[in-house]
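This is data.pdb. It holds PDB, C-alpha atoms.
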ATOM      1  CA  MET A   5       1.090   2.844  22.156
ATOM      2  CA  PRO A   6       3.713   1.163  20.003
ATOM      3  CA  THR A   7       5.191  -2.265  20.425
ATOM      4  CA  TYR A   8       8.993  -2.291  20.517
ATOM      5  CA  GLN A   9      11.120  -5.315  19.675
ATOM      6  CA  TYR A  10      14.278  -6.111  21.583
ATOM      7  CA  LYS A  11      17.093  -8.630  21.231
ATOM      8  CA  CYS A  12      19.607  -9.523  23.883
ATOM      9  CA  PRO A  13      23.190  -9.692  22.529
ATOM     10  CA  ASN A  14      24.173 -11.955  25.433
ATOM     11  CA  CYS A  15      21.639 -14.798  25.190
ATOM     12  CA  GLY A  16      19.930 -14.050  21.831
ATOM     13  CA  ASN A  17      16.484 -13.750  23.428
ATOM     14  CA  GLU A  18      14.045 -11.733  21.302
ATOM     15  CA  PHE A  19      11.024 -10.152  22.962
ATOM     16  CA  GLU A  20       8.485  -7.382  22.512
ATOM     17  CA  GLU A  21       7.384  -4.647  24.877
ATOM     18  CA  PHE A  22       4.203  -2.600  24.588
ATOM     19  CA  GLN A  23       5.237   0.797  25.953
ATOM     20  CA  SER A  24       4.735   4.531  25.550
ATOM     21  CA  ILE A  25       6.813   6.492  23.053
ATOM     22  CA  THR A  26       8.208   8.581  25.896
ATOM     23  CA  ALA A  27       9.138   5.539  28.022
ATOM     24  CA  ALA A  28      12.798   4.675  28.427
ATOM     25  CA  PRO A  29      14.045   1.605  26.538
ATOM     26  CA  GLN A  30      14.144  -1.695  28.418
ATOM     27  CA  ASP A  31      17.338  -2.124  30.391
ATOM     28  CA  LYS A  32      17.033  -5.819  31.336
ATOM     29  CA  CYS A  33      16.565  -8.967  29.324
ATOM     30  CA  PRO A  34      13.805 -11.039  30.979
ATOM     31  CA  ARG A  35      15.864 -14.210  30.440
ATOM     32  CA  CYS A  36      19.422 -13.296  31.519
ATOM     33  CA  GLY A  37      19.256  -9.753  32.915
ATOM     34  CA  HIS A  38      21.722  -8.157  30.464
ATOM     35  CA  LYS A  39      20.925  -4.958  28.575
ATOM     36  CA  PRO A  40      19.031  -5.725  25.330
ATOM     37  CA  GLU A  41      19.219  -3.793  22.056
ATOM     38  CA  ARG A  42      16.057  -2.216  20.653
ATOM     39  CA  LEU A  43      15.536  -3.367  17.068
ATOM     40  CA  ILE A  44      14.442  -1.113  14.247
ATOM     41  CA  THR A  45      11.450  -2.662  12.521
ATOM     42  CA  GLY A  46       9.172  -1.819   9.643
ATOM     43  CA  GLY A  47       6.310  -1.098  11.993
ATOM     44  CA  ALA A  48       2.807  -2.402  11.808
ATOM     45  CA  GLY A  49       0.136  -1.969   9.206
ATOM     46  CA  PHE A  50      -3.179  -0.290   9.749
ATOM     47  CA  LEU A  51      -6.370  -2.258  10.054
ATOM     48  CA  PHE A  52      -9.399  -0.375   8.774
ATOM     49  CA  LYS A  53     -12.780  -1.655   9.901
ATOM     50  CA  GLY A  54     -16.236  -0.378   9.155
ATOM     51  CA  SER A  55     -17.508   1.945   6.480
ATOM     52  CA  GLY A  56     -15.810   5.153   5.427
ATOM     53  CA  PHE A  57     -12.401   3.782   4.489
ATOM     54  CA  TYR A  58     -12.936   2.990   0.839
ATOM     55  CA  ILE A  59     -12.536   5.490  -1.997
ATOM     56  CA  THR A  60     -16.157   5.025  -3.040
ATOM     57  CA  ASP A  61     -17.649   5.630   0.413
ATOM     58  CA  HIS A  62     -17.525   9.423   0.343
ATOM     59  CA  ARG A  63     -17.919  10.267  -3.342
ATOM     60  CA  SER A  64     -20.670  12.684  -4.317
ATOM     61  CA  ASP A  65     -23.486  11.567  -6.583
ATOM     62  CA  SER A  66     -22.309  13.915  -9.355
ATOM     63  CA  TYR A  67     -18.824  12.362  -9.239
ATOM     64  CA  LYS A  68     -20.256   8.848  -9.402
ATOM     65  CA  LYS A  69     -22.457   9.762 -12.394
ATOM     66  CA  SER A  70     -19.536  11.402 -14.219
ATOM     67  CA  ALA A  71     -17.295   8.395 -13.559
ATOM     68  CA  GLN A  72     -20.000   6.053 -14.845
ATOM     69  CA  LYS A  73     -20.360   8.139 -18.039
ATOM     70  CA  ASP A  74     -16.600   7.994 -18.617
ATOM     71  CA  ALA A  75     -16.555   4.236 -18.085
ATOM     72  CA  ASP A  76     -19.486   3.733 -20.467
ATOM     73  CA  ALA A  77     -17.823   5.936 -23.122
ATOM     74  CA  ALA A  78     -14.569   3.986 -22.821
ATOM     75  CA  ARG A  79     -16.409   0.696 -23.337
ATOM     76  CA  ALA A  80     -18.310   2.054 -26.356
ATOM     77  CA  LYS A  81     -15.181   3.125 -28.296
ATOM     78  CA  PRO A  82     -13.596   0.479 -30.534
ATOM     79  CA  ALA A  83     -10.143  -0.471 -29.314
ATOM     80  CA  ASP A  84      -7.878   0.321 -32.279
ATOM     81  CA  SER A  85      -4.370   0.870 -31.019
ATOM     82  CA  SER A  86      -2.827   1.062 -34.512
ATOM     83  CA  GLY A  87      -4.109   4.593 -35.096
ATOM     84  CA  GLY A  88      -4.986   3.907 -38.750
ATOM     85  CA  LYS A  89      -1.406   3.041 -39.760
ATOM     86  CA  LYS A  90      -2.381  -0.317 -41.287
ATOM     87  CA  THR A  91      -4.630   1.264 -43.897
ATOM     88  CA  GLU A  92      -1.918   3.813 -44.748
ATOM     89  CA  GLN A  93       0.624   0.997 -45.199
ATOM     90  CA  LYS A  94      -1.736  -0.969 -47.469
ATOM     91  CA  ALA A  95      -2.407   2.118 -49.568
ATOM     92  CA  SER A  96       1.314   2.792 -50.016
ATOM     93  CA  LYS A  97       1.950  -0.856 -51.035
ATOM     94  CA  LYS A  98      -0.777  -0.643 -53.700
ATOM     95  CA  ALA A  99       0.735   2.565 -55.092
ATOM     96  CA  SER A 100       4.163   0.887 -55.511
TER      97      SER A 100
END
Represent the structure of the file as structure tokens.
Amino acid sequence: MPTYQYKCPNCGNEFEEFQSITAAPQDKCPRCGHKPERLITGGAGFLFKGSGFYITDHRSDSYKKSAQKDADAARAKPADSSGGKKTEQKASKKAS
């Protein structure tokens, strides 16, 4: 069941009510008795506990082996982001 937040426009009291989705909104402020307004909130986050909630928990062995191969191959390659342009530039300067 969700928790709804209310604010009374009369006295400014803010309070929460734990109620069913199908339940009618609160019609009385617990402090002054006037009709409160239900606030629109961002909601609550989820809390995952236990195993089974992580991306690696349900991967097959073949997927894990393939991912490991890809990671090893990426580490083995030299990181040259220039794409060979530096050697082309040096060669063109020598020709000038």
(message) Given the PyMOL selection byres ((chain A and resi 8) around 8) and the file above, list the residues it selects as a list in words.
(response)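 So the PyMOL selection byres ((chain A and resi 8) around 8), applied here, picks out Pro6, Thr7, Gln9, Tyr10, Glu20, Glu21, Phe22, Gln23, Arg42 and Leu43 of chain A.
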Build an axis-aligned box that encloses every atom of segment 6-12 of chain A listed in the file, pad it by 6 Å on each side, and report its centre and edge lengths in Å to one decimal, as AutoDock Vina command-line options.
--center_x 11.7 --center_y -4.2 --center_z 21.8 --size_x 27.9 --size_y 22.7 --size_z 16.2
(message) To one decimal place in Å, what is the distance between atom CA of Arg63 of chain A and atom CA of Gly49 of chain A?
(response)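 It comes out at 25.2 Å.
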(message) Please report the interatomic distance between atom CA of Ile44 of chain A and atom CA of Ser24 of chain A in Å with one decimal.
(response)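 Computing it gives 15.9 Å between the two atoms.
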(request) May I ask for the distance between atom CA of Cys36 of chain A and atom CA of Cys15 of chain A, given in Å to one decimal place? (result)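 Going from atom CA of Cys36 of chain A over to atom CA of Cys15 of chain A covers 6.9 Å.
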(message) I'd like the residues picked by the PyMOL selection byres ((chain A and resi 38) around 12) written out as an NGL selection string, using the chain letters and numbers from the file.
(response) :A and (10-17 or 30-37 or 39-41)
